[in-house]
file data-v9.cif (mmCIF, C-alpha atoms and all ligand atoms)
data_coords
loop_
_atom_site.label_atom_id
_atom_site.label_comp_id
_atom_site.auth_asym_id
_atom_site.auth_seq_id
_atom_site.Cartn_x
_atom_site.Cartn_y
_atom_site.Cartn_z
CA MET Y 25 123.59 77.36 54.48
CA GLY Y 26 124.33 79.69 57.38
CA GLU Y 27 123.15 83.12 58.42
CA VAL Y 28 123.32 86.17 56.15
CA ILE Y 29 126.82 87.67 56.46
CA LEU Y 30 126.45 90.44 53.91
CA LYS Y 31 123.38 92.33 52.75
CA THR Y 32 123.18 95.35 50.49
CA ASN Y 33 120.23 97.73 50.82
CA ASP Y 34 119.50 99.76 47.67
CA LEU Y 35 123.24 100.09 47.15
CA THR Y 36 124.01 102.74 44.55
CA VAL Y 37 127.33 103.89 43.11
CA ASP Y 38 127.45 106.79 40.69
CA PHE Y 39 130.63 108.20 39.19
CA LYS Y 40 130.84 111.85 38.27
CA VAL Y 41 132.18 112.07 34.75
CA ARG Y 42 132.89 114.90 32.28
CA LYS Y 43 130.88 118.09 32.50
CA ASN Y 44 128.02 118.56 30.01
CA ILE Y 45 127.42 121.71 27.96
CA PHE Y 46 125.65 123.34 30.91
CA GLY Y 47 128.78 122.91 33.03
CA LYS Y 48 127.10 120.24 35.20
CA ALA Y 49 128.90 116.94 35.84
CA ASP Y 50 127.24 113.95 34.21
CA ARG Y 51 126.29 110.98 36.38
CA LEU Y 52 127.50 107.55 35.33
CA SER Y 53 125.20 105.06 37.00
CA ALA Y 54 127.44 102.02 37.65
CA VAL Y 55 125.40 100.31 40.39
CA GLN Y 56 121.75 101.18 40.99
CA ASN Y 57 119.63 100.16 44.00
CA VAL Y 58 121.22 96.73 44.36
CA ASN Y 59 119.86 94.38 47.04
CA ILE Y 60 121.71 91.12 47.49
CA GLU Y 61 122.15 88.78 50.45
CA ILE Y 62 125.13 86.47 50.87
CA LYS Y 63 124.90 83.61 53.35
CA LYS Y 64 127.77 82.15 55.33
CA GLY Y 65 129.45 79.24 53.55
CA GLU Y 66 127.84 79.79 50.16
CA ILE Y 67 129.17 80.75 46.75
CA TYR Y 68 127.23 83.72 45.43
CA GLY Y 69 127.59 84.30 41.70
CA LEU Y 70 127.44 87.64 39.94
CA VAL Y 71 126.97 87.65 36.17
CA GLY Y 72 126.23 90.11 33.41
CA GLU Y 73 127.95 91.49 30.36
CA SER Y 74 131.02 93.69 30.43
CA GLY Y 75 130.44 97.09 32.01
CA CYS Y 76 127.29 96.08 33.92
CA GLY Y 77 128.85 96.99 37.28
CA LYS Y 78 130.05 93.68 38.75
CA THR Y 79 133.49 94.96 39.74
CA THR Y 80 132.07 98.27 40.97
CA LEU Y 81 129.62 96.41 43.22
CA ALA Y 82 132.50 94.31 44.58
CA ASN Y 83 134.63 97.43 45.05
CA ALA Y 84 131.82 99.17 46.92
CA ILE Y 85 131.51 96.17 49.24
CA LEU Y 86 135.27 96.35 49.83
CA GLY Y 87 135.21 100.11 50.38
CA PHE Y 88 137.41 100.76 47.34
CA VAL Y 89 134.87 103.10 45.73
CA PRO Y 90 132.57 105.48 47.63
CA ILE Y 91 128.92 104.54 48.09
CA THR Y 92 126.54 107.15 46.67
CA SER Y 93 123.48 105.95 48.58
CA GLY Y 94 122.11 102.84 50.25
CA SER Y 95 124.01 100.70 52.71
CA ILE Y 96 125.83 97.43 53.32
CA GLU Y 97 125.20 95.36 56.44
CA CYS Y 98 128.11 93.06 57.14
CA PHE Y 99 130.06 91.64 60.06
CA GLY Y 100 128.11 93.59 62.65
CA HIS Y 101 128.41 96.95 60.88
CA THR Y 102 126.13 99.04 58.71
CA ILE Y 103 128.18 100.88 56.14
CA ASP Y 104 126.91 103.82 54.12
CA ALA Y 105 128.17 106.96 52.40
CA LYS Y 106 128.96 108.57 55.77
CA THR Y 107 130.95 105.70 57.31
CA LYS Y 108 134.34 106.73 58.65
CA ALA Y 109 137.59 105.14 57.40
CA SER Y 110 138.33 103.59 60.82
CA GLU Y 111 135.07 101.62 60.74
CA TRP Y 112 135.75 100.54 57.17
CA LYS Y 113 139.11 99.18 58.29
CA ASP Y 114 137.39 96.98 60.83
CA VAL Y 115 134.94 95.64 58.24
CA ARG Y 116 137.55 95.09 55.56
CA ARG Y 117 139.61 92.71 57.66
CA HIS Y 118 136.80 90.16 57.23
CA MET Y 119 137.16 90.27 53.44
CA GLN Y 120 139.88 89.58 50.88
CA THR Y 121 140.02 89.52 47.09
CA VAL Y 122 141.35 87.37 44.31
CA PHE Y 123 141.59 89.51 41.20
CA GLN Y 124 141.32 88.59 37.55
CA ASP Y 125 144.89 89.15 36.53
CA PRO Y 126 147.63 87.69 38.73
CA TYR Y 127 150.22 89.27 36.41
CA SER Y 128 149.31 92.81 37.41
CA SER Y 129 147.82 92.25 40.87
CA LEU Y 130 151.02 90.84 42.45
CA ASN Y 131 154.21 92.82 42.88
CA THR Y 132 156.84 90.84 40.98
CA ARG Y 133 159.74 92.38 42.96
CA PHE Y 134 158.63 90.58 46.12
CA LYS Y 135 159.35 87.05 47.20
CA VAL Y 136 156.43 84.66 47.52
CA TRP Y 137 156.42 84.67 51.33
CA GLU Y 138 156.35 88.50 51.31
CA ILE Y 139 153.39 88.58 48.92
CA ILE Y 140 151.43 85.98 50.85
CA SER Y 141 152.02 87.62 54.21
CA GLU Y 142 151.52 91.21 53.01
CA PRO Y 143 147.97 91.57 54.42
CA LEU Y 144 149.39 90.84 57.89
CA TYR Y 145 152.22 93.32 57.29
CA ILE Y 146 149.68 95.96 56.24
CA ALA Y 147 147.72 95.20 59.41
CA GLY Y 148 150.86 96.09 61.42
CA GLU Y 149 152.66 92.77 61.94
CA ARG Y 150 156.44 93.29 61.70
CA ASN Y 151 157.82 90.00 63.07
CA GLU Y 152 159.50 88.55 59.98
CA LYS Y 153 159.69 84.99 61.32
CA LEU Y 154 156.01 85.00 62.16
CA LEU Y 155 155.12 86.40 58.71
CA CYS Y 156 157.26 83.75 57.01
CA ASP Y 157 155.82 80.94 59.18
CA ARG Y 158 152.27 82.00 58.42
CA ALA Y 159 153.04 82.05 54.68
CA ALA Y 160 154.62 78.59 55.04
CA SER Y 161 151.47 77.27 56.70
CA LEU Y 162 149.47 78.14 53.57
CA VAL Y 163 151.76 77.64 50.61
CA GLU Y 164 151.27 73.87 50.42
CA LYS Y 165 147.52 74.20 50.87
CA VAL Y 166 147.39 76.06 47.54
CA GLY Y 167 149.50 73.45 45.76
CA LEU Y 168 152.93 75.09 45.91
CA SER Y 169 155.97 73.93 47.86
CA LEU Y 170 157.86 75.35 50.82
CA ALA Y 171 160.86 75.92 48.52
CA ASP Y 172 158.69 78.32 46.48
CA LEU Y 173 158.45 80.75 49.40
CA ASP Y 174 161.90 82.15 48.69
CA ARG Y 175 161.40 82.61 44.96
CA TYR Y 176 160.27 85.76 43.19
CA VAL Y 177 156.78 86.06 41.77
CA PHE Y 178 158.05 86.72 38.23
CA GLU Y 179 159.42 83.16 38.16
CA PHE Y 180 155.87 81.67 38.26
CA SER Y 181 153.24 80.90 35.62
CA GLY Y 182 149.81 82.59 35.65
CA GLY Y 183 148.14 79.61 37.35
CA GLN Y 184 150.87 79.48 40.01
CA ARG Y 185 150.59 83.23 40.56
CA GLN Y 186 146.86 82.84 41.11
CA ARG Y 187 147.63 80.16 43.73
CA ILE Y 188 149.91 82.71 45.45
CA ALA Y 189 147.10 85.29 45.29
CA ILE Y 190 144.71 82.77 46.85
CA ALA Y 191 147.13 82.02 49.71
CA ARG Y 192 147.44 85.78 50.23
CA ALA Y 193 143.66 86.07 50.45
CA LEU Y 194 143.57 83.39 53.14
CA ILE Y 195 146.33 84.61 55.43
CA SER Y 196 144.32 87.09 57.46
CA ASP Y 197 141.53 84.60 58.23
CA ALA Y 198 139.05 86.55 56.11
CA GLU Y 199 135.57 85.01 55.97
CA LEU Y 200 134.39 86.44 52.66
CA ILE Y 201 136.59 86.12 49.59
CA ILE Y 202 135.64 88.20 46.58
CA CYS Y 203 136.80 86.46 43.41
CA ASP Y 204 136.61 88.81 40.45
CA GLU Y 205 136.92 86.57 37.39
CA PRO Y 206 139.73 84.59 39.00
CA THR Y 207 140.35 82.36 35.98
CA SER Y 208 139.61 84.51 32.96
CA ALA Y 209 143.20 85.77 32.49
CA LEU Y 210 144.60 82.24 32.74
CA ASP Y 211 145.18 79.55 30.18
CA VAL Y 212 142.05 77.37 29.89
CA SER Y 213 144.07 74.32 30.89
CA VAL Y 214 144.34 75.63 34.47
CA HIS Y 215 140.77 76.97 34.90
CA SER Y 216 139.42 73.84 36.51
CA GLN Y 217 142.48 73.42 38.75
CA ILE Y 218 142.01 76.92 40.20
CA CYS Y 219 138.26 76.42 40.59
CA ASN Y 220 138.74 73.07 42.31
CA LEU Y 221 141.31 74.63 44.60
CA LEU Y 222 138.86 77.37 45.57
CA LEU Y 223 136.16 74.76 46.24
CA ASP Y 224 138.50 72.65 48.41
CA LEU Y 225 139.62 75.68 50.40
CA ARG Y 226 136.02 76.72 50.98
CA GLU Y 227 135.41 73.41 52.71
CA GLU Y 228 138.61 73.48 54.72
CA PHE Y 229 138.47 77.11 55.86
CA GLU Y 230 134.65 77.49 55.92
CA LEU Y 231 134.85 80.37 53.47
CA THR Y 232 132.13 82.30 51.67
CA TYR Y 233 132.72 83.51 48.12
CA LEU Y 234 131.30 86.29 46.03
CA PHE Y 235 132.21 84.89 42.63
CA ILE Y 236 132.16 87.14 39.57
CA SER Y 237 132.38 85.45 36.21
CA HIS Y 238 131.39 85.64 32.55
CA ASN Y 239 131.42 81.87 32.43
CA LEU Y 240 127.80 80.86 32.95
CA SER Y 241 128.51 77.14 32.90
CA LEU Y 242 130.90 77.65 35.77
CA ILE Y 243 128.38 79.81 37.65
CA LYS Y 244 125.77 77.11 37.15
CA HIS Y 245 128.13 74.45 38.35
CA ILE Y 246 129.60 76.06 41.48
CA THR Y 247 127.29 78.75 42.86
CA ASP Y 248 124.40 78.38 45.32
CA HIS Y 249 122.78 81.75 44.70
CA MET Y 250 123.32 84.31 42.00
CA ALA Y 251 122.37 87.74 40.70
CA VAL Y 252 122.11 88.78 37.07
CA MET Y 253 123.09 92.40 36.43
CA TYR Y 254 122.39 94.61 33.45
CA LEU Y 255 123.74 98.15 33.23
CA GLY Y 256 124.08 98.56 36.98
CA GLU Y 257 120.80 96.93 38.02
CA VAL Y 258 120.03 93.46 39.30
CA MET Y 259 117.39 92.00 36.97
CA GLU Y 260 116.99 88.60 38.60
CA CYS Y 261 118.37 86.88 41.69
CA GLY Y 262 117.91 83.82 43.84
CA ALA Y 263 118.85 80.16 43.94
CA THR Y 264 121.09 79.35 40.97
CA GLU Y 265 119.25 76.14 40.18
CA LYS Y 266 115.90 77.91 39.97
CA ILE Y 267 117.20 80.71 37.77
CA PHE Y 268 118.81 78.29 35.32
CA GLU Y 269 115.73 76.07 35.36
CA ASN Y 270 113.27 78.89 34.80
CA PRO Y 271 114.77 82.30 33.91
CA ALA Y 272 112.11 84.93 34.45
CA CYS Y 273 113.63 87.96 32.77
CA PRO Y 274 114.36 88.11 29.03
CA TYR Y 275 117.92 89.28 29.68
CA THR Y 276 118.66 86.24 31.87
CA GLU Y 277 117.05 84.07 29.20
CA ALA Y 278 119.33 85.52 26.54
CA LEU Y 279 122.41 84.94 28.71
CA MET Y 280 121.42 81.36 29.47
CA SER Y 281 120.69 80.58 25.84
CA ALA Y 282 124.39 81.00 25.10
CA ILE Y 283 125.41 78.07 27.33
CA LEU Y 284 126.52 74.93 25.58
CA GLU Y 285 124.25 72.19 26.97
CA VAL Y 286 125.37 68.60 26.66
CA ASN Y 287 121.87 67.31 27.41
CA PRO Y 288 119.81 67.81 24.17
CA LYS Y 289 116.58 68.04 26.23
CA LYS Y 290 117.91 71.10 28.02
CA LYS Y 291 119.20 72.90 24.92
CA ARG Y 292 117.63 76.33 24.45
CA GLU Y 293 117.36 78.25 21.23
CA ARG Y 294 120.15 80.81 21.12
CA ILE Y 295 118.83 84.36 21.59
CA ILE Y 296 121.02 86.89 19.82
CA LEU Y 297 120.55 90.36 21.24
CA SER Y 298 120.61 93.15 18.71
CA GLY Y 299 121.49 96.78 19.29
CA GLU Y 300 123.90 98.43 21.67
CA ALA Y 301 123.51 98.70 25.41
CA ARG Y 302 122.29 102.12 26.52
CA SER Y 303 124.84 104.56 27.86
CA PRO Y 304 125.18 104.35 31.66
CA ILE Y 305 125.43 108.15 31.71
CA ASN Y 306 122.22 109.77 32.97
CA PRO Y 307 120.10 106.71 32.03
CA PRO Y 308 116.31 107.21 31.71
CA ASP Y 309 114.09 105.90 34.50
CA LEU Y 310 112.98 102.85 32.50
CA CYS Y 311 114.11 99.26 32.26
CA ARG Y 312 117.69 99.71 31.07
CA PHE Y 313 117.37 96.66 28.83
CA ALA Y 314 114.24 97.93 27.03
CA ASN Y 315 116.02 99.05 23.84
CA ARG Y 316 117.38 95.51 23.26
CA CYS Y 317 114.78 93.32 24.89
CA PRO Y 318 113.09 90.91 22.46
CA LYS Y 319 109.97 90.88 24.66
CA ALA Y 320 109.71 94.60 25.45
CA CYS Y 321 106.19 96.01 25.26
CA GLU Y 322 105.08 99.63 25.09
CA PHE Y 323 104.83 99.69 28.87
CA CYS Y 324 108.56 98.84 29.14
CA GLN Y 325 109.41 101.89 27.02
CA THR Y 326 107.36 104.30 29.15
CA SER Y 327 107.33 103.09 32.79
CA PRO Y 328 110.04 102.59 35.39
CA LEU Y 329 111.05 99.04 36.28
CA PRO Y 330 108.58 97.46 38.69
CA PRO Y 331 109.70 96.18 42.10
CA PHE Y 332 111.01 92.62 42.40
CA ALA Y 333 108.34 89.97 41.99
CA LYS Y 334 108.74 86.88 44.15
CA LEU Y 335 108.36 83.99 41.71
CA SER Y 336 108.95 81.24 44.25
CA GLU Y 337 110.86 80.81 47.47
CA ASP Y 338 114.39 82.06 46.69
CA HIS Y 339 113.71 83.38 43.18
CA MET Y 340 112.96 87.00 42.29
CA ALA Y 341 112.93 89.01 39.08
CA ARG Y 342 112.29 92.60 38.21
CA CYS Y 343 110.47 92.69 34.91
CA HIS Y 344 107.08 93.94 33.67
CA LEU Y 345 106.37 90.47 32.28
CA ASN Y 346 106.11 89.10 35.80
CA TYR Y 347 103.17 91.42 36.53
CA LYS Y 348 101.04 90.44 33.54
N1 LIG Y 401 136.46 104.87 38.50
C1 LIG Y 401 135.53 104.97 37.56
N2 LIG Y 401 135.17 106.19 37.06
C2 LIG Y 401 134.19 106.30 36.13
N3 LIG Y 401 133.51 105.25 35.62
C3 LIG Y 401 133.82 104.03 36.08
C4 LIG Y 401 134.84 103.82 37.06
N4 LIG Y 401 134.92 102.47 37.33
C5 LIG Y 401 133.99 101.88 36.54
N5 LIG Y 401 133.34 102.81 35.80
C6 LIG Y 401 132.22 102.57 34.86
O1 LIG Y 401 131.23 101.87 35.60
C7 LIG Y 401 130.58 100.91 34.77
C8 LIG Y 401 130.70 99.53 35.43
O2 LIG Y 401 132.07 99.12 35.34
P1 LIG Y 401 132.58 97.75 35.99
O3 LIG Y 401 134.05 97.72 35.85
O4 LIG Y 401 132.02 97.64 37.35
O5 LIG Y 401 131.90 96.66 35.05
P2 LIG Y 401 132.10 95.07 35.03
O6 LIG Y 401 130.73 94.49 35.04
O7 LIG Y 401 133.02 94.67 36.10
O8 LIG Y 401 132.75 94.83 33.59
P3 LIG Y 401 133.79 93.68 33.14
O9 LIG Y 401 132.97 92.43 32.98
O10 LIG Y 401 134.28 94.20 31.81
O11 LIG Y 401 134.86 93.57 34.16
C9 LIG Y 401 131.25 101.00 33.40
O12 LIG Y 401 130.46 101.85 32.60
C10 LIG Y 401 132.58 101.64 33.71
O13 LIG Y 401 133.06 102.35 32.59
S1 LIG Y 402 110.91 95.03 31.88
FE1 LIG Y 402 110.35 94.89 29.72
S2 LIG Y 402 112.18 95.54 28.62
FE2 LIG Y 402 112.82 95.05 30.71
S3 LIG Y 402 113.44 92.92 30.62
FE3 LIG Y 402 111.29 92.91 31.21
S4 LIG Y 402 110.16 92.73 29.27
FE4 LIG Y 402 112.24 93.31 28.76
MG MG Y 403 134.90 93.70 36.12
#
call {"tool": "encode", "arguments": {"input": "data-v9.cif", "output": "structure tokens"}}
result
Amino acid sequence: MGEVILKTNDLTVDFKVRKNIFGKADRLSAVQNVNIEIKKGEIYGLVGESGCGKTTLANAILGFVPITSGSIECFGHTIDAKTKASEWKDVRRHMQTVFQDPYSSLNTRFKVWEIISEPLYIAGERNEKLLCDRAASLVEKVGLSLADLDRYVFEFSGGQRQRIAIARALISDAELIICDEPTSALDVSVHSQICNLLLDLREEFELTYLFISHNLSLIKHITDHMAVMYLGEVMECGATEKIFENPACPYTEALMSAILEVNPKKKRERIILSGEARSPINPPDLCRFANRCPKACEFCQTSPLPPFAKLSEDHMARCHLNYK
């Protein structure tokens, strides 16, 4: 694995939502003090239940939502809440995205070559032949044919549209590709094809992926490092193998217990979490999982989350249990 290409330092994103009865805007805490490190050439997984802030974290890295506090070090820049748009533009050209839903993320009125080459067009390239040639150089790499370049996006299936989206992500020679649940809107029959395509392209183009998914088996299978998020906070992070082997936070344990294991020796007892997740609006300064945690003690209900404990090389968790 190569050098660190992206590092977040206490990255926090709050959204101002409706005003409360005192006329003050409430704070929705979507991402709180997140510290992750992504190394060149790796696949970094991000997991956690719906609403825990995975997409917001990705959007903050891409500059699509404003940072409230903290910073991002990437591609020779340090980005924070005060960073100017021109600097963002320079950082963003190193990154591209593959979104969850290729039905809504691609403009169906465009031809395939126009969609694939759009990032170059946005960057100012107006030579149509060059744009078309660049699209042609990628279309077969993602499993489509040259004849497809002149067809409209609405003529393609979901899996084919995702292949178009992947070619589009590659055209500007981005180094980091952020895949936000790239298979979850697709028919299950094409999940493995799209994943295998992404893995092949990583080898060929020396790409790095931030890979967001609800599918823990997939995360286990393809990622090198991962972070587990709950209500905006990272609870556990490190080498994927170590986390799956020995989850150190009860929330990670509950997530992992839901995986279907073929090997009977590795089967865990399923942990069913009861209760509702807390509201992300003005959350108390406690472990955000405390009201559902099967192992919560009195301390968890009264004290803020402790700092990360280093459990082994490349494995950290933030839980009171690790300090007992
Ligand atoms: N623009 C916004 N304004 C206000 N709240 C927002 C905004 N975007 C996201 N949120 C809130 O931030 C929290 C995190 O949302 P986010 O979409 O990042 O979750 P997620 O982990 O990606 O969920 P999913 O797995 O369902 O995609 C949620 O409570 C969501 O309602
Ligand atoms: S800090 Fe306490 S409540 Fe939070 S996950 Fe650990 S044991 Fe559970
Ligand atoms: Mg999301």
call {"tool": "atom_distance", "arguments": {"input": "data-v9.cif", "atom1": "atom C3 of ligand LIG 401 (chain Y)", "atom2": "CA of Cys317 in chain Y"}}
result
24.5 Å
call {"tool": "residues_around", "arguments": {"input": "data-v9.cif", "residues": "range 64-74 of chain Y", "least_positions_apart": "2", "cutoff": "6 Å", "atoms": "all atoms listed in the file", "output": "JSON, numbers by chain"}}
result
{"Y": [26, 27, 29, 76, 230, 231, 232, 233, 234, 235, 236, 237, 247, 248, 249, 250, 251, 252, 253, 254]}
call {"tool": "residues_around", "arguments": {"input": "data-v9.cif", "residues": "Met119 in chain Y", "least_positions_apart": "6", "cutoff": "10 Å", "atoms": "all atoms listed in the file", "output": "PyMOL selection string"}}
result
chain Y and resi 85-86+99+193-194+196-202+232-233
call {"tool": "closest_residue", "arguments": {"input": "data-v9.cif", "among": "Y:Pro206, Y:Ala272, Y:Leu162, Y:Asp34", "to": "ligand LIG 401 (chain Y)", "atoms": "all atoms listed in the file"}}
result
Y:Pro206
call {"tool": "atom_distance", "arguments": {"input": "data-v9.cif", "atom1": "CA of Pro126 in chain Y", "atom2": "atom O1 of ligand LIG 401 (chain Y)"}}
result
21.9 Å
call {"tool": "closest_atom_pairs", "arguments": {"input": "data-v9.cif", "of": "chain Y", "to": "ligand LIG 402 (chain Y)", "cutoff": "6 Å", "atoms": "only C-alpha atoms and all ligand atoms", "output": "Markdown table"}}
result
| residue | atom | partner | partner_atom | distance |
| --- | --- | --- | --- | --- |
| Y:Cys273 | CA | Y:LIG402 | S3 | 5.4 |
| Y:Pro274 | CA | Y:LIG402 | S3 | 5.1 |
| Y:Tyr275 | CA | Y:LIG402 | S3 | 5.8 |
| Y:Cys311 | CA | Y:LIG402 | FE2 | 4.7 |
| Y:Phe313 | CA | Y:LIG402 | FE2 | 5.2 |
| Y:Ala314 | CA | Y:LIG402 | S2 | 3.5 |
| Y:Cys317 | CA | Y:LIG402 | FE4 | 4.6 |
| Y:Lys319 | CA | Y:LIG402 | S4 | 5.0 |
| Y:Ala320 | CA | Y:LIG402 | S2 | 4.1 |
| Y:Cys324 | CA | Y:LIG402 | FE1 | 4.4 |
| Y:Leu329 | CA | Y:LIG402 | S1 | 6.0 |
| Y:Cys343 | CA | Y:LIG402 | FE3 | 3.8 |
| Y:His344 | CA | Y:LIG402 | S1 | 4.4 |
| Y:Leu345 | CA | Y:LIG402 | S4 | 5.3 |
call {"tool": "atom_distance", "arguments": {"input": "data-v9.cif", "atom1": "CA of Ala171 in chain Y", "atom2": "CA of Gln124 in chain Y"}}
result
25.7 Å
call {"tool": "closest_residue", "arguments": {"input": "data-v9.cif", "among": "Y:Val212, Y:Gly299, Y:Leu310, Y:Gly100", "to": "Phe323 in chain Y", "atoms": "all atoms listed in the file"}}
result
Y:Leu310
call {"tool": "closest_residue", "arguments": {"input": "data-v9.cif", "among": "Y:Lys153, Y:Thr121, Y:Lys78, Y:Thr32", "to": "Ile103 in chain Y", "atoms": "all atoms listed in the file"}}
result
Y:Thr32
call {"tool": "closest_atom_pairs", "arguments": {"input": "data-v9.cif", "of": "chain Y", "to": "ligand LIG 401 (chain Y)", "cutoff": "10 Å", "atoms": "all atoms listed in the file", "output": "tab-separated table"}}
result
residue	atom	partner	partner_atom	distance
Y:Val37	CA	Y:LIG401	O1	8.7
Y:Asp38	CA	Y:LIG401	O1	8.0
Y:Phe39	CA	Y:LIG401	C2	5.1
Y:Lys40	CA	Y:LIG401	C2	6.8
Y:Val41	CA	Y:LIG401	C2	6.3
Y:Arg42	CA	Y:LIG401	C2	9.5
Y:Arg51	CA	Y:LIG401	C2	9.2
Y:Leu52	CA	Y:LIG401	N3	6.4
Y:Ser53	CA	Y:LIG401	O1	7.0
Y:Ala54	CA	Y:LIG401	O1	4.3
Y:Val55	CA	Y:LIG401	C8	7.3
Y:Leu70	CA	Y:LIG401	O6	9.0
Y:Val71	CA	Y:LIG401	O6	7.9
Y:Gly72	CA	Y:LIG401	O6	6.5
Y:Glu73	CA	Y:LIG401	O9	5.7
Y:Ser74	CA	Y:LIG401	O9	3.4
Y:Gly75	CA	Y:LIG401	O5	3.4
Y:Cys76	CA	Y:LIG401	O6	4.0
Y:Gly77	CA	Y:LIG401	O4	3.2
Y:Lys78	CA	Y:LIG401	O6	3.9
Y:Thr79	CA	Y:LIG401	O7	3.7
Y:Thr80	CA	Y:LIG401	O4	3.7
Y:Leu81	CA	Y:LIG401	O4	6.5
Y:Ala82	CA	Y:LIG401	O4	8.0
Y:Asn83	CA	Y:LIG401	O4	8.1
Y:Ala84	CA	Y:LIG401	O4	9.7
Y:Phe88	CA	Y:LIG401	N1	9.8
Y:Val89	CA	Y:LIG401	N1	7.6
Y:Pro90	CA	Y:LIG401	N1	9.9
Y:Gln124	CA	Y:LIG401	O11	8.8
Y:Asp204	CA	Y:LIG401	O11	8.1
Y:Glu205	CA	Y:LIG401	O11	8.0
Y:Ile236	CA	Y:LIG401	O7	8.3
Y:Ser237	CA	Y:LIG401	O9	7.7
Y:His238	CA	Y:LIG401	O9	7.0
Y:Met253	CA	Y:LIG401	O6	8.0
Y:Tyr254	CA	Y:LIG401	O6	8.5
Y:Leu255	CA	Y:LIG401	C8	7.4
Y:Gly256	CA	Y:LIG401	C8	6.9
Y:Ser303	CA	Y:LIG401	O12	7.8
Y:Pro304	CA	Y:LIG401	O12	5.9
Y:Ile305	CA	Y:LIG401	O12	8.1
call {"tool": "residues_near_point", "arguments": {"input": "data-v9.cif", "point": "(120.7, 98.6, 53.1)", "cutoff": "12 Å", "atoms": "all atoms listed in the file", "output": "MDAnalysis selection string"}}
result
chainID Y and resid 30:36 57:61 85 91 93:98 101:105
